[in-house]
file structure.cif (mmCIF, C-alpha atoms)
data_data
loop_
_atom_site.label_atom_id
_atom_site.label_comp_id
_atom_site.auth_asym_id
_atom_site.auth_seq_id
_atom_site.Cartn_x
_atom_site.Cartn_y
_atom_site.Cartn_z
CA MET L 1 0.00 0.00 0.00
CA THR L 2 2.73 2.43 1.00
CA ARG L 3 4.65 1.45 -2.10
CA ARG L 4 1.66 2.16 -4.27
CA ARG L 5 1.18 5.48 -2.54
CA ALA L 6 4.84 6.36 -3.08
CA ALA L 7 4.52 5.48 -6.75
CA ALA L 8 1.44 7.64 -7.04
CA ALA L 9 3.22 10.51 -5.30
CA ALA L 10 6.22 10.16 -7.62
CA ALA L 11 3.95 10.07 -10.67
CA SER L 12 2.10 13.19 -9.62
CA LEU L 13 5.39 14.97 -8.84
CA LEU L 14 6.66 14.08 -12.29
CA GLY L 15 3.39 15.23 -13.75
CA LEU L 16 3.65 18.51 -11.88
CA ALA L 17 7.24 18.98 -13.02
CA ALA L 18 6.22 18.32 -16.64
CA ALA L 19 3.29 20.72 -16.35
CA GLY L 20 5.57 23.32 -14.76
CA PHE L 21 8.10 22.90 -17.58
CA TRP L 22 5.35 23.21 -20.18
CA LEU L 23 3.90 26.35 -18.60
CA ALA L 24 7.21 28.08 -17.85
CA SER L 25 8.53 27.39 -21.34
CA ALA L 26 5.46 28.62 -23.24
CA PRO L 27 6.13 31.22 -25.92
CA ASP L 28 4.93 34.66 -24.86
CA ARG L 29 1.72 35.75 -26.51
CA PRO L 30 2.41 38.40 -29.14
CA ALA L 31 1.92 41.88 -27.73
CA PRO L 32 -1.56 43.11 -28.64
CA GLN L 33 -0.75 46.81 -29.03
CA PRO L 34 -0.76 48.13 -32.59
CA LEU L 35 2.47 48.75 -34.50
CA PRO L 36 3.65 52.35 -34.61
CA ALA L 37 2.61 54.32 -37.67
CA HIS L 38 5.67 54.06 -39.88
CA ARG L 39 6.52 54.75 -43.47
CA ALA L 40 9.02 52.13 -44.58
CA ASP L 41 12.45 53.35 -45.63
CA LEU L 42 13.86 50.74 -48.02
CA ALA L 43 17.32 52.31 -48.08
CA ASN L 44 17.52 52.00 -44.30
CA GLY L 45 16.24 48.42 -44.58
CA ARG L 46 19.08 47.64 -46.96
CA ILE L 47 21.64 49.06 -44.51
CA LEU L 48 20.23 46.84 -41.75
CA PHE L 49 20.26 43.84 -44.09
CA PHE L 50 24.00 44.25 -44.62
CA ALA L 51 24.76 45.41 -41.06
CA GLY L 52 23.24 42.12 -39.90
CA SER L 53 25.06 40.08 -42.59
CA CYS L 54 21.74 38.28 -43.08
CA LEU L 55 23.06 36.68 -46.26
CA HIS L 56 25.79 34.95 -44.34
CA CYS L 57 23.41 32.45 -42.75
CA HIS L 58 20.38 32.80 -45.03
CA ARG L 59 22.25 32.14 -48.26
CA PRO L 60 20.84 29.50 -50.59
CA ALA L 61 22.01 25.92 -50.28
CA ASP L 62 22.10 25.51 -54.04
CA VAL L 63 25.33 26.98 -55.43
CA ARG L 64 23.58 27.72 -58.74
CA ALA L 65 20.95 29.88 -57.03
CA ASP L 66 21.29 33.66 -56.84
CA ARG L 67 23.84 34.12 -54.04
CA GLU L 68 22.67 37.69 -53.48
CA LEU L 69 19.23 36.58 -52.33
CA PRO L 70 18.62 35.22 -48.81
CA SER L 71 16.56 32.25 -49.95
CA GLY L 72 17.90 30.14 -47.08
CA GLY L 73 18.47 26.45 -46.70
CA ALA L 74 22.25 26.17 -46.44
CA PRO L 75 22.97 24.08 -43.33
CA PHE L 76 24.01 26.01 -40.22
CA LYS L 77 25.87 23.77 -37.80
CA THR L 78 25.89 24.51 -34.08
CA PRO L 79 26.83 22.48 -31.01
CA VAL L 80 23.08 21.86 -30.48
CA GLY L 81 22.33 20.53 -33.94
CA THR L 82 22.07 21.55 -37.58
CA PHE L 83 19.61 24.24 -38.64
CA PHE L 84 18.38 25.28 -42.04
CA PRO L 85 17.83 29.04 -41.89
CA GLN L 86 14.52 30.47 -43.09
CA ASN L 87 13.99 31.68 -46.65
CA LEU L 88 13.82 35.49 -46.23
CA THR L 89 12.53 36.25 -49.72
CA PRO L 90 8.78 36.94 -50.05
CA ASP L 91 7.90 33.55 -51.55
CA PRO L 92 4.42 32.79 -50.16
CA ASP L 93 4.98 29.10 -49.48
CA THR L 94 8.59 28.79 -48.36
CA GLY L 95 9.52 32.39 -47.54
CA LEU L 96 8.11 35.43 -45.77
CA GLY L 97 5.35 35.99 -48.33
CA ARG L 98 2.49 35.40 -45.89
CA TRP L 99 4.20 37.02 -42.89
CA SER L 100 2.72 40.21 -41.45
CA ALA L 101 4.95 42.96 -40.13
CA ARG L 102 3.85 41.84 -36.67
CA ASP L 103 4.98 38.27 -37.40
CA PHE L 104 8.38 39.58 -38.43
CA LEU L 105 8.67 41.78 -35.35
CA ASN L 106 7.76 38.86 -33.07
CA ALA L 107 10.38 36.70 -34.73
CA MET L 108 13.13 39.31 -34.58
CA THR L 109 12.54 40.60 -31.07
CA GLY L 110 10.79 37.71 -29.34
CA GLY L 111 12.23 34.70 -31.12
CA VAL L 112 8.71 33.37 -31.79
CA SER L 113 7.52 32.04 -35.16
CA PRO L 114 4.18 33.02 -36.75
CA GLN L 115 2.92 29.59 -35.60
CA GLY L 116 3.80 30.59 -32.04
CA ARG L 117 6.81 28.33 -31.62
CA HIS L 118 10.18 29.24 -30.13
CA TYR L 119 13.07 29.71 -32.52
CA PHE L 120 16.40 28.35 -31.39
CA PRO L 121 18.79 31.18 -30.55
CA ALA L 122 20.98 30.12 -33.47
CA PHE L 123 18.76 32.83 -34.97
CA PRO L 124 20.29 35.71 -32.99
CA TYR L 125 17.13 37.40 -31.69
CA GLY L 126 18.98 37.90 -28.39
CA SER L 127 20.70 40.76 -30.22
CA PHE L 128 17.91 41.72 -32.62
CA ARG L 129 15.53 42.32 -29.72
CA LEU L 130 17.62 45.44 -29.03
CA MET L 131 16.79 46.87 -32.47
CA LYS L 132 14.52 49.88 -32.83
CA THR L 133 11.02 48.85 -33.95
CA GLU L 134 11.24 51.23 -36.93
CA ASP L 135 14.46 49.56 -38.06
CA VAL L 136 12.87 46.10 -37.86
CA LEU L 137 9.93 47.38 -39.94
CA ASP L 138 12.32 48.87 -42.54
CA LEU L 139 14.16 45.57 -42.76
CA TYR L 140 10.82 43.78 -43.19
CA ALA L 141 9.90 46.13 -46.02
CA TYR L 142 13.30 45.60 -47.67
CA LEU L 143 12.92 41.82 -47.54
CA MET L 144 9.33 41.92 -48.80
CA ASN L 145 10.59 43.85 -51.84
CA LEU L 146 13.16 41.25 -52.83
CA LYS L 147 12.53 38.84 -55.67
CA PRO L 148 10.59 35.83 -54.30
CA VAL L 149 12.50 32.56 -54.57
CA ARG L 150 11.11 29.13 -53.78
CA SER L 151 13.39 27.07 -51.61
CA PRO L 152 13.34 23.48 -50.42
CA GLU L 153 12.26 23.27 -46.78
CA ARG L 154 14.34 21.17 -44.45
CA ARG L 155 13.80 20.41 -40.82
CA ALA L 156 16.44 21.09 -38.19
CA THR L 157 18.24 18.01 -36.94
CA VAL L 158 18.20 18.52 -33.19
CA PRO L 159 17.77 15.61 -30.80
CA LEU L 160 14.26 15.58 -29.22
CA LEU L 161 13.29 18.60 -31.33
CA PRO L 162 9.84 19.44 -29.81
CA VAL L 163 11.07 19.24 -26.19
CA ALA L 164 14.30 21.05 -27.05
CA ARG L 165 12.26 23.76 -28.75
CA ARG L 166 10.18 24.17 -25.62
CA ALA L 167 13.31 24.27 -23.44
CA VAL L 168 14.32 27.35 -25.41
CA GLY L 169 11.48 29.11 -23.54
CA LEU L 170 13.27 28.55 -20.25
CA TRP L 171 16.55 29.62 -21.81
CA LYS L 172 14.95 32.90 -22.91
CA ARG L 173 13.71 33.58 -19.39
CA LEU L 174 17.27 33.26 -18.10
CA ALA L 175 19.11 34.87 -20.99
CA PHE L 176 16.86 37.90 -21.30
CA ARG L 177 16.63 38.62 -17.57
CA GLN L 178 19.41 41.15 -17.76
CA ASP L 179 18.53 44.43 -19.38
CA PRO L 180 20.78 45.59 -22.17
CA ALA L 181 23.60 47.81 -20.99
CA ALA L 182 22.58 51.46 -21.21
CA LEU L 183 24.42 53.42 -23.86
CA GLU L 184 26.78 56.05 -22.52
CA ALA L 185 24.94 59.30 -23.07
CA SER L 186 28.11 61.41 -22.92
CA ARG L 187 29.51 59.84 -26.10
CA SER L 188 29.26 61.31 -29.59
CA ALA L 189 26.41 60.52 -31.97
CA THR L 190 28.86 58.55 -34.14
CA TRP L 191 29.87 56.41 -31.17
CA GLN L 192 26.21 55.79 -30.27
CA ARG L 193 25.49 54.75 -33.83
CA GLY L 194 28.46 52.38 -33.78
CA ALA L 195 27.42 50.87 -30.45
CA TYR L 196 23.91 50.30 -31.80
CA LEU L 197 25.10 48.71 -35.05
CA VAL L 198 27.54 46.42 -33.24
CA THR L 199 25.18 45.41 -30.43
CA ALA L 200 21.78 45.11 -32.11
CA PRO L 201 21.59 44.50 -35.88
CA GLY L 202 25.30 43.60 -36.22
CA HIS L 203 24.97 40.99 -33.44
CA CYS L 204 28.77 40.86 -33.09
CA GLY L 205 28.44 39.59 -29.52
CA GLU L 206 26.84 36.35 -30.71
CA CYS L 207 30.35 35.15 -31.58
CA HIS L 208 32.66 37.65 -29.89
CA THR L 209 31.08 37.45 -26.42
CA PRO L 210 31.87 34.31 -24.43
CA ARG L 211 28.96 32.21 -23.15
CA ASN L 212 28.40 30.39 -19.89
CA LEU L 213 27.53 26.72 -19.52
CA LEU L 214 23.91 27.45 -20.42
CA MET L 215 25.10 29.14 -23.62
CA ILE L 216 24.01 32.53 -22.29
CA PRO L 217 26.33 35.38 -23.32
CA ILE L 218 28.22 36.72 -20.28
CA ALA L 219 27.27 40.41 -20.20
CA SER L 220 30.25 41.46 -18.10
CA ARG L 221 32.59 40.06 -20.74
CA ALA L 222 30.88 41.55 -23.79
CA LEU L 223 33.00 41.28 -26.96
CA ALA L 224 35.92 39.82 -24.98
CA GLY L 225 36.31 36.85 -27.32
CA GLY L 226 35.98 33.18 -26.58
CA ARG L 227 35.38 29.77 -28.08
CA HIS L 228 34.14 29.77 -31.64
CA PRO L 229 30.43 28.92 -31.40
CA ALA L 230 30.76 26.49 -34.30
CA GLY L 231 33.31 24.65 -32.20
CA GLU L 232 36.31 25.52 -34.32
CA GLY L 233 39.07 27.40 -32.54
CA ARG L 234 38.60 30.77 -30.87
CA VAL L 235 37.03 34.10 -31.70
CA PRO L 236 39.28 37.08 -30.98
CA SER L 237 38.53 39.75 -28.40
CA LEU L 238 37.47 43.16 -29.71
CA HIS L 239 38.91 44.97 -26.69
CA GLY L 240 42.17 46.88 -26.84
CA LEU L 241 42.42 46.72 -30.65
CA LEU L 242 44.70 49.77 -30.66
CA ALA L 243 46.70 48.89 -27.53
CA ARG L 244 47.38 45.46 -29.03
CA HIS L 245 48.49 47.12 -32.30
CA ARG L 246 45.84 45.36 -34.34
CA TYR L 247 44.89 48.67 -35.95
CA LYS L 248 46.45 52.13 -36.01
CA ASP L 249 43.23 54.04 -35.35
CA ALA L 250 39.50 53.99 -36.04
CA ALA L 251 40.01 54.99 -39.68
CA ASP L 252 42.41 52.08 -40.14
CA LEU L 253 39.84 49.65 -38.71
CA ALA L 254 37.11 51.14 -40.90
CA LEU L 255 39.30 50.47 -43.96
CA ALA L 256 39.88 46.90 -42.75
CA LEU L 257 36.11 46.38 -42.44
CA GLU L 258 35.58 47.77 -45.93
CA PHE L 259 38.45 46.14 -47.81
CA GLY L 260 39.72 43.15 -45.81
CA GLU L 261 42.46 41.18 -47.57
CA THR L 262 42.38 43.46 -50.58
CA TYR L 263 44.26 46.08 -48.57
CA GLY L 264 46.37 43.51 -46.74
CA TYR L 265 44.19 43.33 -43.61
CA ASP L 266 44.56 39.66 -43.05
CA LYS L 267 43.11 39.29 -39.55
CA ILE L 268 39.55 39.87 -40.54
CA SER L 269 38.87 37.11 -42.98
CA SER L 270 38.74 33.71 -41.36
CA GLY L 271 36.43 31.67 -39.17
CA GLY L 272 33.39 33.09 -40.96
CA MET L 273 34.47 36.72 -40.58
CA GLY L 274 35.41 36.97 -44.25
CA GLN L 275 31.78 36.67 -45.33
CA ILE L 276 30.71 39.11 -42.65
CA GLN L 277 33.32 41.60 -43.84
CA SER L 278 31.95 41.28 -47.40
CA ASN L 279 28.53 42.23 -46.04
CA LEU L 280 29.86 45.11 -43.94
CA ALA L 281 31.75 46.41 -46.98
CA ARG L 282 28.36 47.39 -48.40
CA LEU L 283 27.50 49.75 -45.55
CA PRO L 284 27.86 53.51 -46.00
CA GLY L 285 31.35 54.74 -45.04
CA SER L 286 29.87 56.76 -42.16
CA ASP L 287 28.47 53.58 -40.59
CA LEU L 288 31.77 51.73 -40.94
CA GLN L 289 33.51 54.67 -39.29
CA ALA L 290 30.90 54.57 -36.48
CA ILE L 291 31.43 50.85 -35.90
CA ALA L 292 35.19 51.38 -35.85
CA GLU L 293 34.98 54.32 -33.44
CA TYR L 294 32.88 52.30 -31.03
CA LEU L 295 35.12 49.24 -31.22
CA VAL L 296 38.40 51.07 -30.66
CA SER L 297 36.85 52.69 -27.58
CA LEU L 298 36.63 49.26 -25.90
CA HIS L 299 39.68 49.06 -23.66
CA MET I 1 49.71 -7.75 -8.80
CA LYS I 2 51.77 -8.16 -11.92
CA THR I 3 48.82 -7.33 -14.15
CA LYS I 4 48.10 -4.27 -12.05
CA ASN I 5 51.65 -3.02 -12.45
CA ALA I 6 51.59 -3.67 -16.15
CA LEU I 7 48.31 -1.80 -16.43
CA LEU I 8 49.70 1.14 -14.49
CA LEU I 9 52.80 1.21 -16.67
CA ALA I 10 50.69 1.10 -19.83
CA ALA I 11 48.53 3.94 -18.55
CA ALA I 12 51.60 6.02 -17.67
CA LEU I 13 53.10 5.39 -21.10
CA ALA I 14 49.87 6.30 -22.82
CA LEU I 15 49.61 9.53 -20.84
CA GLY I 16 53.25 10.32 -21.49
CA SER I 17 52.97 9.92 -25.24
CA LEU I 18 49.76 11.92 -25.23
CA ALA I 19 51.55 14.77 -23.44
CA LEU I 20 54.40 14.50 -25.94
CA ALA I 21 51.97 14.64 -28.85
CA GLN I 22 50.37 17.72 -27.29
CA THR I 23 53.66 19.63 -27.01
CA HIS I 24 54.58 18.52 -30.50
CA GLU I 25 51.38 20.01 -31.87
CA LYS I 26 52.23 23.46 -30.58
CA LYS I 27 55.15 23.83 -32.95
CA MET I 28 54.76 24.73 -36.59
CA THR I 29 57.03 22.52 -38.65
CA GLY I 30 57.58 21.19 -42.17
CA PRO I 31 55.13 22.16 -44.91
CA ALA I 32 52.85 23.94 -42.41
CA LYS I 33 55.68 26.29 -41.47
CA GLU I 34 56.76 26.84 -45.08
CA ARG I 35 53.26 27.63 -46.34
CA HIS I 36 52.70 29.93 -43.38
CA GLU I 37 55.82 31.87 -44.38
CA ALA I 38 54.78 31.99 -48.02
CA MET I 39 51.37 33.37 -47.02
CA GLU I 40 52.99 35.96 -44.73
CA GLN I 41 54.99 37.18 -47.73
CA VAL I 42 51.80 37.40 -49.78
CA ASN I 43 50.28 39.47 -46.98
CA ASP I 44 53.32 41.79 -46.88
CA ALA I 45 52.96 42.39 -50.61
CA MET I 46 49.22 43.01 -50.21
CA LYS I 47 49.98 45.63 -47.57
CA VAL I 48 52.23 47.51 -50.00
CA LEU I 49 49.54 47.37 -52.71
CA GLY I 50 46.84 48.27 -50.17
CA GLY I 51 48.86 51.32 -49.11
CA MET I 52 48.87 52.40 -52.74
CA ALA I 53 45.12 51.90 -53.06
CA LYS I 54 44.59 53.93 -49.88
CA GLY I 55 46.68 56.74 -51.35
CA GLN I 56 49.36 56.44 -48.67
CA ARG I 57 51.86 55.59 -51.37
CA LYS I 58 52.25 56.91 -54.89
CA PHE I 59 50.96 54.66 -57.68
CA ASP I 60 53.92 53.04 -59.41
CA PRO I 61 53.33 50.33 -62.03
CA ALA I 62 56.83 48.93 -61.51
CA VAL I 63 56.11 48.32 -57.80
CA VAL I 64 52.70 46.83 -58.65
CA LYS I 65 54.34 44.45 -61.11
CA ALA I 66 57.04 43.43 -58.63
CA GLU I 67 54.67 42.86 -55.71
CA ALA I 68 52.11 41.06 -57.87
CA SER I 69 54.80 38.71 -59.21
CA THR I 70 55.96 37.99 -55.66
CA ILE I 71 52.36 37.07 -54.84
CA GLN I 72 52.03 34.83 -57.88
CA GLU I 73 55.30 33.07 -57.14
CA ARG I 74 54.45 32.50 -53.46
CA LEU I 75 51.00 31.21 -54.36
CA GLU I 76 52.54 28.76 -56.82
CA LYS I 77 54.93 27.62 -54.12
CA ALA I 78 52.09 27.33 -51.62
CA ALA I 79 50.25 24.99 -53.98
CA THR I 80 53.01 22.41 -53.39
CA LEU I 81 52.98 22.85 -49.61
CA PHE I 82 49.74 21.06 -48.74
CA PRO I 83 50.81 17.40 -49.16
CA PRO I 84 48.57 14.69 -47.71
CA GLY I 85 49.16 14.33 -43.97
CA SER I 86 50.25 17.95 -43.46
CA ASP I 87 46.93 18.73 -41.79
CA GLU I 88 48.30 17.89 -38.35
CA GLY I 89 49.96 20.02 -35.73
CA GLU I 90 49.78 23.80 -35.51
CA THR I 91 47.97 24.91 -38.65
CA LYS I 92 44.98 26.95 -39.69
CA ALA I 93 44.43 24.71 -42.70
CA ARG I 94 40.96 23.23 -42.70
CA PRO I 95 40.43 19.52 -43.47
CA GLU I 96 38.45 20.58 -46.58
CA ILE I 97 41.79 21.28 -48.29
CA TRP I 98 42.31 17.54 -48.43
CA SER I 99 38.69 16.37 -48.65
CA ASP I 100 37.81 18.85 -51.42
CA ARG I 101 41.08 18.95 -53.32
CA PRO I 102 39.67 20.08 -56.70
CA GLY I 103 37.86 22.97 -55.04
CA PHE I 104 40.97 24.02 -53.17
CA GLU I 105 43.16 23.82 -56.26
CA LYS I 106 40.71 25.86 -58.29
CA ALA I 107 40.58 28.54 -55.58
CA LEU I 108 44.39 28.74 -55.56
CA LYS I 109 44.50 28.85 -59.38
CA ASP I 110 41.97 31.70 -59.39
CA ALA I 111 44.18 33.67 -57.01
CA GLN I 112 47.24 32.99 -59.15
CA GLY I 113 45.33 34.19 -62.22
CA ALA I 114 44.27 37.37 -60.42
CA SER I 115 47.88 38.06 -59.39
CA ARG I 116 48.95 37.60 -63.03
CA SER I 117 46.32 40.07 -64.26
CA LEU I 118 47.49 42.58 -61.67
CA GLN I 119 51.07 42.41 -63.01
CA ALA I 120 49.83 43.62 -66.38
CA VAL I 121 48.28 46.79 -64.95
CA THR I 122 49.90 50.00 -66.13
CA ASP I 123 47.45 52.74 -65.17
CA GLU I 124 45.91 53.75 -61.91
CA ALA I 125 42.31 53.38 -63.13
CA ALA I 126 42.80 49.68 -63.80
CA PHE I 127 44.78 49.11 -60.60
CA ARG I 128 41.97 49.24 -58.05
CA PRO I 129 39.60 46.77 -59.78
CA ALA I 130 42.51 44.38 -60.44
CA LEU I 131 43.58 44.57 -56.80
CA GLY I 132 39.94 44.12 -55.75
CA ALA I 133 39.71 40.96 -57.87
CA LEU I 134 42.85 39.58 -56.24
CA GLY I 135 41.53 40.40 -52.74
CA LYS I 136 38.28 38.65 -53.60
CA SER I 137 40.12 35.51 -54.66
CA CYS I 138 42.09 35.55 -51.38
CA LYS I 139 38.84 35.74 -49.47
CA GLU I 140 37.09 32.99 -51.42
CA CYS I 141 39.89 30.60 -50.52
CA HIS I 142 40.21 31.74 -46.88
CA ASP I 143 36.46 31.47 -46.35
CA ARG I 144 36.39 27.84 -47.24
CA TYR I 145 39.80 26.53 -46.37
CA ARG I 146 41.17 28.52 -43.43
CA MET I 147 40.19 28.30 -39.78
CA SER I 148 39.45 31.03 -37.30
CA ASP I 149 42.39 33.29 -36.40
CA GLU I 150 42.90 32.34 -32.81
CA HIS I 151 42.72 28.73 -31.89
#
call {"tool": "encode", "arguments": {"input": "structure.cif", "output": "structure tokens"}}
result
Amino acid sequence: MTRRRAAAAAASLLGLAAAGFWLASAPDRPAPQPLPAHRADLANGRILFFAGSCLHCHRPADVRADRELPSGGAPFKTPVGTFFPQNLTPDPDTGLGRWSARDFLNAMTGGVSPQGRHYFPAFPYGSFRLMKTEDVLDLYAYLMNLKPVRSPERRATVPLLPVARRAVGLWKRLAFRQDPAALEASRSATWQRGAYLVTAPGHCGECHTPRNLLMIPIASRALAGGRHPAGEGRVPSLHGLLARHRYKDAADLALALEFGETYGYDKISSGGMGQIQSNLARLPGSDLQAIAEYLVSLH
Amino acid sequence: MKTKNALLLAAALALGSLALAQTHEKKMTGPAKERHEAMEQVNDAMKVLGGMAKGQRKFDPAVVKAEASTIQERLEKAATLFPPGSDEGETKARPEIWSDRPGFEKALKDAQGASRSLQAVTDEAAFRPALGALGKSCKECHDRYRMSDEH
């Protein structure tokens, strides 16, 4: 009798734990308030598209496809599993064609799909959630104006996918507990712009900030370098770039970001950074200068 | 007792050779060292050409020709410095160099071709695009066949 009672108690505890997990990991309901009135600025959307190097992960899997369009599908390997990034062209069936601006905003800032499921943080919404709403809407408009491309859909290969997806909900609760560091108001407008580009759309910290055992970026060590998230070697620190004689000054770093190997800047082109540099090269010179000014200010 | 001692000895030996292998890996030797040096020389030449593109140095077709031929020569040398088995030890070479040999060789050939075209440049207007094409070929190869900088 006691044994049966113990078994019943254990079963109900397990049940409670499962229910608790399910409740605590639920995706947040999309915010009901209306979007701000906003007239889309496609040129700004294009800047954000390249600042975020969207093409780097959302490039097509097929080498014969248009490499300039983010039709998605090329495998993205992480320690958790392999993902096949979303088609970002406005194809109605395989891309963003049927997405509303609200859907896009929820994905970018909440990491929730239009079907209300958690995205894995391989999609760096931990950084994108710091973007201005207007910028997200401009990026949405830019993407919706691209040529629609149909892409094959492939499912992520993650062990225990549905449970793992739900566990992301708990991860978000932990990872997003800390508020983003406040920008230093005393700095110049250029510096502020650079800090924003690096932190939010540029999502540099996704690789350059070390993570703890739960894969949560360690805020106190922002951009201090660490293990390569793809498990291959290390990602360099972005602190002390001048003191360590990596670059002469901000202008030198801005040239490195624009030209890479072409001007003999060799340190900026491996471990995935080469592709990112090609994307950054398409930003206006003033934005590259802003990024450089912010980065060289990190001691 | 005897088996226990033998086991201990085997374990110690295994650990010892592992430690030896570890220290060995830290050193760059053989082809890895040679190709690293060749690539450093390519980078030095690119810095000279980059300085010219930045306007820090006067455009001089003779210098362009000389630096571009150095690059071509070092790249041709580098092509011989990735023999099978040289993927071990301290190197930034990715395993794809050996698993995707045709792709790697094509990428190197493209870079050699771009360095040849750059040698033929005589006027400043043609210099920048030719240098850009060479830089692009460097990147295409690094993207696919070179590991992260610090590891």
call {"tool": "resolve_selection", "arguments": {"input": "structure.cif", "expression": "the PyMOL selection byres ((chain L and resi 284-299) around 6)", "output": "list in words"}}
result
Thr190, Trp191, Gly194, Ala195, His239, Gly240, Leu241, Ala250, Leu253, Ala254 and Leu283 of chain L
call {"tool": "interface_residues", "arguments": {"input": "structure.cif", "of": "chain I", "to": "chain L", "cutoff": "9 Å", "atoms": "only C-alpha atoms", "output": "ChimeraX atom specification"}}
result
/I:42-54,131-136,138-140,142-151
call {"tool": "write_last_selection", "arguments": {"input": "structure.cif", "atoms": "C-alpha atoms", "output": "PDB file, keeping the file's coordinate frame"}}
result
ATOM      1  CA  VAL I  42      51.800  37.400 -49.780  1.00  0.00           C
ATOM      2  CA  ASN I  43      50.280  39.470 -46.980  1.00  0.00           C
ATOM      3  CA  ASP I  44      53.320  41.790 -46.880  1.00  0.00           C
ATOM      4  CA  ALA I  45      52.960  42.390 -50.610  1.00  0.00           C
ATOM      5  CA  MET I  46      49.220  43.010 -50.210  1.00  0.00           C
ATOM      6  CA  LYS I  47      49.980  45.630 -47.570  1.00  0.00           C
ATOM      7  CA  VAL I  48      52.230  47.510 -50.000  1.00  0.00           C
ATOM      8  CA  LEU I  49      49.540  47.370 -52.710  1.00  0.00           C
ATOM      9  CA  GLY I  50      46.840  48.270 -50.170  1.00  0.00           C
ATOM     10  CA  GLY I  51      48.860  51.320 -49.110  1.00  0.00           C
ATOM     11  CA  MET I  52      48.870  52.400 -52.740  1.00  0.00           C
ATOM     12  CA  ALA I  53      45.120  51.900 -53.060  1.00  0.00           C
ATOM     13  CA  LYS I  54      44.590  53.930 -49.880  1.00  0.00           C
ATOM     14  CA  LEU I 131      43.580  44.570 -56.800  1.00  0.00           C
ATOM     15  CA  GLY I 132      39.940  44.120 -55.750  1.00  0.00           C
ATOM     16  CA  ALA I 133      39.710  40.960 -57.870  1.00  0.00           C
ATOM     17  CA  LEU I 134      42.850  39.580 -56.240  1.00  0.00           C
ATOM     18  CA  GLY I 135      41.530  40.400 -52.740  1.00  0.00           C
ATOM     19  CA  LYS I 136      38.280  38.650 -53.600  1.00  0.00           C
ATOM     20  CA  CYS I 138      42.090  35.550 -51.380  1.00  0.00           C
ATOM     21  CA  LYS I 139      38.840  35.740 -49.470  1.00  0.00           C
ATOM     22  CA  GLU I 140      37.090  32.990 -51.420  1.00  0.00           C
ATOM     23  CA  HIS I 142      40.210  31.740 -46.880  1.00  0.00           C
ATOM     24  CA  ASP I 143      36.460  31.470 -46.350  1.00  0.00           C
ATOM     25  CA  ARG I 144      36.390  27.840 -47.240  1.00  0.00           C
ATOM     26  CA  TYR I 145      39.800  26.530 -46.370  1.00  0.00           C
ATOM     27  CA  ARG I 146      41.170  28.520 -43.430  1.00  0.00           C
ATOM     28  CA  MET I 147      40.190  28.300 -39.780  1.00  0.00           C
ATOM     29  CA  SER I 148      39.450  31.030 -37.300  1.00  0.00           C
ATOM     30  CA  ASP I 149      42.390  33.290 -36.400  1.00  0.00           C
ATOM     31  CA  GLU I 150      42.900  32.340 -32.810  1.00  0.00           C
ATOM     32  CA  HIS I 151      42.720  28.730 -31.890  1.00  0.00           C
TER      33      HIS I 151
END
call {"tool": "residues_around", "arguments": {"input": "structure.cif", "residues": "Thr122 of chain I", "least_positions_apart": "6", "cutoff": "9 Å", "atoms": "all atoms listed in the file", "output": "list in words"}}
result
Asp60, Pro61, Ala62, Val64 and Lys65 of chain I
call {"tool": "atom_distance", "arguments": {"input": "structure.cif", "atom1": "atom CA of Gly110 of chain L", "atom2": "atom CA of Thr89 of chain L"}}
result
20.5 Å
call {"tool": "residues_around", "arguments": {"input": "structure.cif", "residues": "Gly205 of chain L", "least_positions_apart": "4", "cutoff": "12 Å", "atoms": "all atoms listed in the file", "output": "PyMOL selection string"}}
result
chain L and resi 52+124-128+195-201+209-211+216-226+228-229+235-238+295
call {"tool": "atom_distance", "arguments": {"input": "structure.cif", "atom1": "atom CA of Ser53 of chain L", "atom2": "atom CA of Asn279 of chain L"}}
result
5.3 Å
call {"tool": "resolve_selection", "arguments": {"input": "structure.cif", "expression": "the PyMOL selection byres ((chain L and resi 136) around 9)", "output": "mmCIF file with C-alpha atoms, keeping the file's coordinate frame"}}
result
data_model
loop_
_atom_site.group_PDB
_atom_site.id
_atom_site.type_symbol
_atom_site.label_atom_id
_atom_site.label_comp_id
_atom_site.auth_asym_id
_atom_site.auth_seq_id
_atom_site.Cartn_x
_atom_site.Cartn_y
_atom_site.Cartn_z
ATOM 1 C CA GLY L 45 16.240 48.420 -44.580
ATOM 2 C CA LEU L 48 20.230 46.840 -41.750
ATOM 3 C CA ALA L 101 4.950 42.960 -40.130
ATOM 4 C CA PHE L 104 8.380 39.580 -38.430
ATOM 5 C CA LEU L 105 8.670 41.780 -35.350
ATOM 6 C CA MET L 108 13.130 39.310 -34.580
ATOM 7 C CA THR L 109 12.540 40.600 -31.070
ATOM 8 C CA PHE L 128 17.910 41.720 -32.620
ATOM 9 C CA MET L 131 16.790 46.870 -32.470
ATOM 10 C CA LYS L 132 14.520 49.880 -32.830
ATOM 11 C CA THR L 133 11.020 48.850 -33.950
ATOM 12 C CA GLU L 134 11.240 51.230 -36.930
ATOM 13 C CA ASP L 135 14.460 49.560 -38.060
ATOM 14 C CA LEU L 137 9.930 47.380 -39.940
ATOM 15 C CA ASP L 138 12.320 48.870 -42.540
ATOM 16 C CA LEU L 139 14.160 45.570 -42.760
ATOM 17 C CA TYR L 140 10.820 43.780 -43.190
ATOM 18 C CA ALA L 141 9.900 46.130 -46.020
#
call {"tool": "atom_distance", "arguments": {"input": "structure.cif", "atom1": "atom CA of Arg154 of chain L", "atom2": "atom CA of Phe76 of chain L"}}
result
11.6 Å
